[in-house]
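Chemist: Got a structure for you, written out below as structure tokens; questions coming shortly.
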Amino acid sequence: MIEPSSPTPKRSRRHAEPAADAAEPLAAAEAEAAAEATAIAAVAPSTSSDTAPAASPVVETVLGRDLDRTVVSTLHLERGGIGEATADTVELRMGGIGRLDAHDVFVQYGGVGAARADVLSVEWGSVGAAAAGELRVTQGIASNVIAREATIDQGLVRTIIAQHVTVTRPSAALVVLAARVDGEVRALLDWRGALAFGLGFGLIAGLSRGLRRRR
């Protein structure tokens with residue numbers, strides 16, 4: 001006697017439909033996020049080194065005109081004037097700069113009011129006040145200068161304070177304060193004379209103030 005087979009229970013689809021319904025919003029959110037990322041990448045600037053423009057030094061040439069202030073990498077000034085300049089390299093010919101801050105400076109037939117530089121060369125020119133690592137004055141005039149190494153070649157210096165001063169040809173200076181001096185320099189006052197002059201001037205100034213107060 002053959003027993004009737006029991007019918008196989010059918011799986012219900014009630015649990016599968018919600019999963020499909022939940023997957024649709026997730027897929028839509030992922031697609032929207034991918035589209036937004038693609039749009040941002042399209043407008044964002046590229047950071048690749050191949051497409052980045054190479055930085056080029058700025059060179060400014062001033063011929064026969066005046067400027068109030070300039071900041072460049074390389075400055076060429078001829079027959080003109082600049083109130084204040086900041087640069088790496090400066091070449092000044094037959095012109096003038098009021099205040100200068102640079103690395104390498106060459107002055108020929110020109111003048112600088114106040115300069116601060118690593119290397120300062122003055123040839124047939126003048127500089128008022130200067131602070132430099134290396135200073136060279138060739139047949140020029142310098143008023144008050146402070147330098148680590150100073151070379152005076154047939155020049156005229158009012159006051160020079162340096163660690164090492166080298167004089168290649170006869171030059172004149174009012175006050176020379178240096179740890180070492182090579183060559184001949186006609187200094188009206190050395191460090192001893194300058195010290196005595198300063199003490200005497202201070203004494204006279206103090207007496208003058210005392211007399212004014214008594215009056």
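By convention here, the chains of the structure tokens are called A, B, ... in the order presented, each chain's residues are numbered starting at 1, and ligands are numbered starting at 1 in the order presented.
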Can you pull out every residue within 7 Å of stretch 144-147 of chain A, counting only C-alpha atoms, but drop anything in the same chain fewer than 2 positions away, and send it as a PyMOL selection string?

Modeler: chain A and resi 128-135+142+149-150+158-162

Chemist: Create the file for the chosen residues now, containing N, CA and C atoms and written as a PDB file, in the first residue's frame.

Modeler:
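New file again.pdb:
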```
ATOM      1  N   GLY A 128      74.561 105.759   2.856  1.00  0.00           N
ATOM      2  CA  GLY A 128      74.455 106.505   4.106  1.00  0.00           C
ATOM      3  C   GLY A 128      74.702 105.631   5.318  1.00  0.00           C
ATOM      4  N   ALA A 129      73.778 104.744   5.608  1.00  0.00           N
ATOM      5  CA  ALA A 129      73.915 103.801   6.718  1.00  0.00           C
ATOM      6  C   ALA A 129      73.742 102.402   6.160  1.00  0.00           C
ATOM      7  N   ALA A 130      74.604 101.486   6.602  1.00  0.00           N
ATOM      8  CA  ALA A 130      74.560 100.144   6.046  1.00  0.00           C
ATOM      9  C   ALA A 130      74.919  99.115   7.104  1.00  0.00           C
ATOM     10  N   ALA A 131      74.240  97.983   7.035  1.00  0.00           N
ATOM     11  CA  ALA A 131      74.560  96.814   7.848  1.00  0.00           C
ATOM     12  C   ALA A 131      74.685  95.643   6.881  1.00  0.00           C
ATOM     13  N   ALA A 132      75.880  95.082   6.804  1.00  0.00           N
ATOM     14  CA  ALA A 132      76.136  94.058   5.793  1.00  0.00           C
ATOM     15  C   ALA A 132      77.050  92.974   6.351  1.00  0.00           C
ATOM     16  N   GLY A 133      76.933  91.794   5.753  1.00  0.00           N
ATOM     17  CA  GLY A 133      77.862  90.741   6.095  1.00  0.00           C
ATOM     18  C   GLY A 133      79.214  90.989   5.459  1.00  0.00           C
ATOM     19  N   GLU A 134      79.200  91.279   4.162  1.00  0.00           N
ATOM     20  CA  GLU A 134      80.414  91.624   3.414  1.00  0.00           C
ATOM     21  C   GLU A 134      80.208  92.981   2.751  1.00  0.00           C
ATOM     22  N   LEU A 135      81.118  93.893   3.023  1.00  0.00           N
ATOM     23  CA  LEU A 135      81.037  95.254   2.473  1.00  0.00           C
ATOM     24  C   LEU A 135      82.300  95.569   1.696  1.00  0.00           C
ATOM     25  N   ALA A 142      81.086 106.044   2.234  1.00  0.00           N
ATOM     26  CA  ALA A 142      80.162 105.393   3.150  1.00  0.00           C
ATOM     27  C   ALA A 142      80.129 106.195   4.441  1.00  0.00           C
ATOM     28  N   GLU A 149      82.819  91.608   7.422  1.00  0.00           N
ATOM     29  CA  GLU A 149      84.040  91.763   6.628  1.00  0.00           C
ATOM     30  C   GLU A 149      83.880  93.018   5.782  1.00  0.00           C
ATOM     31  N   ALA A 150      84.845  93.925   5.877  1.00  0.00           N
ATOM     32  CA  ALA A 150      84.789  95.181   5.119  1.00  0.00           C
ATOM     33  C   ALA A 150      86.088  95.387   4.367  1.00  0.00           C
ATOM     34  N   ARG A 158      83.083 107.418   7.049  1.00  0.00           N
ATOM     35  CA  ARG A 158      82.963 108.235   8.257  1.00  0.00           C
ATOM     36  C   ARG A 158      83.154 107.387   9.515  1.00  0.00           C
ATOM     37  N   THR A 159      82.317 106.368   9.691  1.00  0.00           N
ATOM     38  CA  THR A 159      82.424 105.474  10.846  1.00  0.00           C
ATOM     39  C   THR A 159      82.227 104.051  10.364  1.00  0.00           C
ATOM     40  N   ILE A 160      83.155 103.187  10.731  1.00  0.00           N
ATOM     41  CA  ILE A 160      83.054 101.789  10.341  1.00  0.00           C
ATOM     42  C   ILE A 160      83.281 100.908  11.561  1.00  0.00           C
ATOM     43  N   ILE A 161      82.376  99.994  11.775  1.00  0.00           N
ATOM     44  CA  ILE A 161      82.480  99.011  12.856  1.00  0.00           C
ATOM     45  C   ILE A 161      82.432  97.641  12.198  1.00  0.00           C
ATOM     46  N   ALA A 162      83.504  96.886  12.341  1.00  0.00           N
ATOM     47  CA  ALA A 162      83.582  95.601  11.657  1.00  0.00           C
ATOM     48  C   ALA A 162      84.476  94.650  12.434  1.00  0.00           C
TER      49      ALA A 162
END
```

Chemist: Pick out each residue of stretch 47-159 of chain A that DSSP on the backbone tags as strand (DSSP E); I need them as an mmCIF file with C-alpha atoms, in the first residue's frame.

Modeler:
```
data_model
loop_
_atom_site.group_PDB
_atom_site.id
_atom_site.type_symbol
_atom_site.label_atom_id
_atom_site.label_comp_id
_atom_site.auth_asym_id
_atom_site.auth_seq_id
_atom_site.Cartn_x
_atom_site.Cartn_y
_atom_site.Cartn_z
ATOM 1 C CA VAL A 59 62.596 90.714 -12.596
ATOM 2 C CA GLU A 60 61.855 94.430 -12.632
ATOM 3 C CA THR A 61 63.808 96.978 -14.647
ATOM 4 C CA VAL A 62 63.373 100.647 -13.773
ATOM 5 C CA LEU A 63 64.745 103.140 -16.304
ATOM 6 C CA ASP A 66 60.490 106.848 -9.827
ATOM 7 C CA LEU A 67 58.675 104.350 -7.642
ATOM 8 C CA ASP A 68 57.486 104.549 -4.065
ATOM 9 C CA ARG A 69 58.007 100.900 -3.159
ATOM 10 C CA THR A 70 58.786 97.614 -4.863
ATOM 11 C CA VAL A 71 59.210 93.987 -3.798
ATOM 12 C CA THR A 74 65.798 90.835 -9.103
ATOM 13 C CA LEU A 75 65.888 94.614 -9.473
ATOM 14 C CA HIS A 76 67.713 96.641 -12.125
ATOM 15 C CA LEU A 77 67.586 100.386 -11.518
ATOM 16 C CA GLU A 78 69.170 102.938 -13.829
ATOM 17 C CA GLY A 81 64.658 106.440 -7.881
ATOM 18 C CA ILE A 82 62.827 104.148 -5.483
ATOM 19 C CA GLY A 83 61.694 105.093 -2.007
ATOM 20 C CA GLU A 84 61.841 101.574 -0.544
ATOM 21 C CA ALA A 85 62.901 98.299 -2.153
ATOM 22 C CA THR A 86 63.066 94.656 -1.068
ATOM 23 C CA ALA A 87 64.790 92.165 -3.358
ATOM 24 C CA ASP A 88 67.232 89.291 -3.556
ATOM 25 C CA THR A 89 69.570 90.868 -6.112
ATOM 26 C CA VAL A 90 69.873 94.603 -6.802
ATOM 27 C CA GLU A 91 71.915 96.364 -9.487
ATOM 28 C CA LEU A 92 71.839 100.144 -9.165
ATOM 29 C CA ARG A 93 73.438 102.453 -11.727
ATOM 30 C CA GLY A 96 69.004 106.202 -5.889
ATOM 31 C CA ILE A 97 67.155 104.101 -3.337
ATOM 32 C CA GLY A 98 65.980 105.480 -0.013
ATOM 33 C CA ARG A 99 65.734 102.234 1.943
ATOM 34 C CA LEU A 100 66.956 98.871 0.728
ATOM 35 C CA ASP A 101 66.704 95.331 2.091
ATOM 36 C CA ALA A 102 68.376 92.727 -0.128
ATOM 37 C CA HIS A 103 70.764 89.805 -0.350
ATOM 38 C CA ASP A 104 73.277 90.930 -2.991
ATOM 39 C CA VAL A 105 73.620 94.637 -3.863
ATOM 40 C CA PHE A 106 75.853 96.380 -6.408
ATOM 41 C CA VAL A 107 75.856 100.185 -6.574
ATOM 42 C CA GLN A 108 77.704 102.095 -9.293
ATOM 43 C CA GLY A 111 73.437 106.188 -3.859
ATOM 44 C CA VAL A 112 71.525 104.352 -1.133
ATOM 45 C CA GLY A 113 70.225 106.053 1.992
ATOM 46 C CA ALA A 114 69.997 102.994 4.268
ATOM 47 C CA ALA A 115 70.820 99.440 3.256
ATOM 48 C CA ARG A 116 70.771 96.016 4.844
ATOM 49 C CA ALA A 117 72.340 93.250 2.785
ATOM 50 C CA ASP A 118 74.428 90.123 2.966
ATOM 51 C CA VAL A 119 76.803 91.417 0.277
ATOM 52 C CA LEU A 120 77.063 95.149 -0.473
ATOM 53 C CA SER A 121 79.409 96.589 -3.115
ATOM 54 C CA VAL A 122 79.691 100.326 -3.734
ATOM 55 C CA GLU A 123 81.761 101.549 -6.689
ATOM 56 C CA SER A 126 77.698 106.339 -1.786
ATOM 57 C CA VAL A 127 75.767 104.722 1.029
ATOM 58 C CA GLY A 128 74.455 106.505 4.106
ATOM 59 C CA ALA A 129 73.915 103.801 6.718
ATOM 60 C CA ALA A 130 74.560 100.144 6.046
ATOM 61 C CA ALA A 131 74.560 96.814 7.848
ATOM 62 C CA ALA A 132 76.136 94.058 5.793
ATOM 63 C CA GLY A 133 77.862 90.741 6.095
ATOM 64 C CA GLU A 134 80.414 91.624 3.414
ATOM 65 C CA LEU A 135 81.037 95.254 2.473
ATOM 66 C CA ARG A 136 83.233 96.578 -0.305
ATOM 67 C CA VAL A 137 83.707 100.266 -1.040
ATOM 68 C CA THR A 138 85.747 101.094 -4.161
ATOM 69 C CA ILE A 141 81.815 107.084 0.199
ATOM 70 C CA ALA A 142 80.162 105.393 3.150
ATOM 71 C CA SER A 143 78.818 107.267 6.137
ATOM 72 C CA ASN A 144 78.079 104.796 8.955
ATOM 73 C CA VAL A 145 78.542 101.104 8.292
ATOM 74 C CA ILE A 146 78.508 97.913 10.339
ATOM 75 C CA ALA A 147 79.872 94.761 8.720
ATOM 76 C CA ARG A 148 81.448 91.423 9.436
ATOM 77 C CA GLU A 149 84.040 91.763 6.628
ATOM 78 C CA ALA A 150 84.789 95.181 5.119
ATOM 79 C CA THR A 151 87.121 96.055 2.256
ATOM 80 C CA ILE A 152 87.926 99.705 1.567
ATOM 81 C CA ASP A 153 89.646 100.396 -1.742
ATOM 82 C CA LEU A 156 86.144 107.498 2.320
ATOM 83 C CA VAL A 157 84.310 106.208 5.393
ATOM 84 C CA ARG A 158 82.963 108.235 8.257
ATOM 85 C CA THR A 159 82.424 105.474 10.846
#
```

Chemist: Could you tell me how far atom CA of A:Ser73 lies from atom CA of A:Gln163, in Å and to one decimal?

Modeler: 29.5 Å

Chemist: Can you pull out the residues contacting A:Val181? Cut-off 8 Å, using only C-alpha atoms, and skip same-chain residues under 6 positions away; I want them as a compact mmCIF listing (two decimals) with N, CA and C atoms, in the first residue's frame.

Modeler:
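Contents of around_32.txt, freshly written:
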```txt
# COMPACT_ATOMS: atom_id res chain seq x y z
N HIS A 164 86.54 92.53 10.73
CA HIS A 164 87.78 92.52 9.95
C HIS A 164 87.70 93.58 8.87
N VAL A 165 88.66 94.49 8.86
CA VAL A 165 88.72 95.56 7.86
C VAL A 165 89.99 95.39 7.05
N THR A 166 89.83 95.42 5.72
CA THR A 166 90.96 95.31 4.81
C THR A 166 91.00 96.56 3.94
N VAL A 167 92.17 97.20 3.90
CA VAL A 167 92.36 98.41 3.10
C VAL A 167 93.40 98.08 2.04
```

Chemist: Figure out the distance between atom CA of A:Gly140 and atom CA of A:Val176, please, to one decimal in Å.

Modeler: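 Those two atoms sit 16.6 Å apart.
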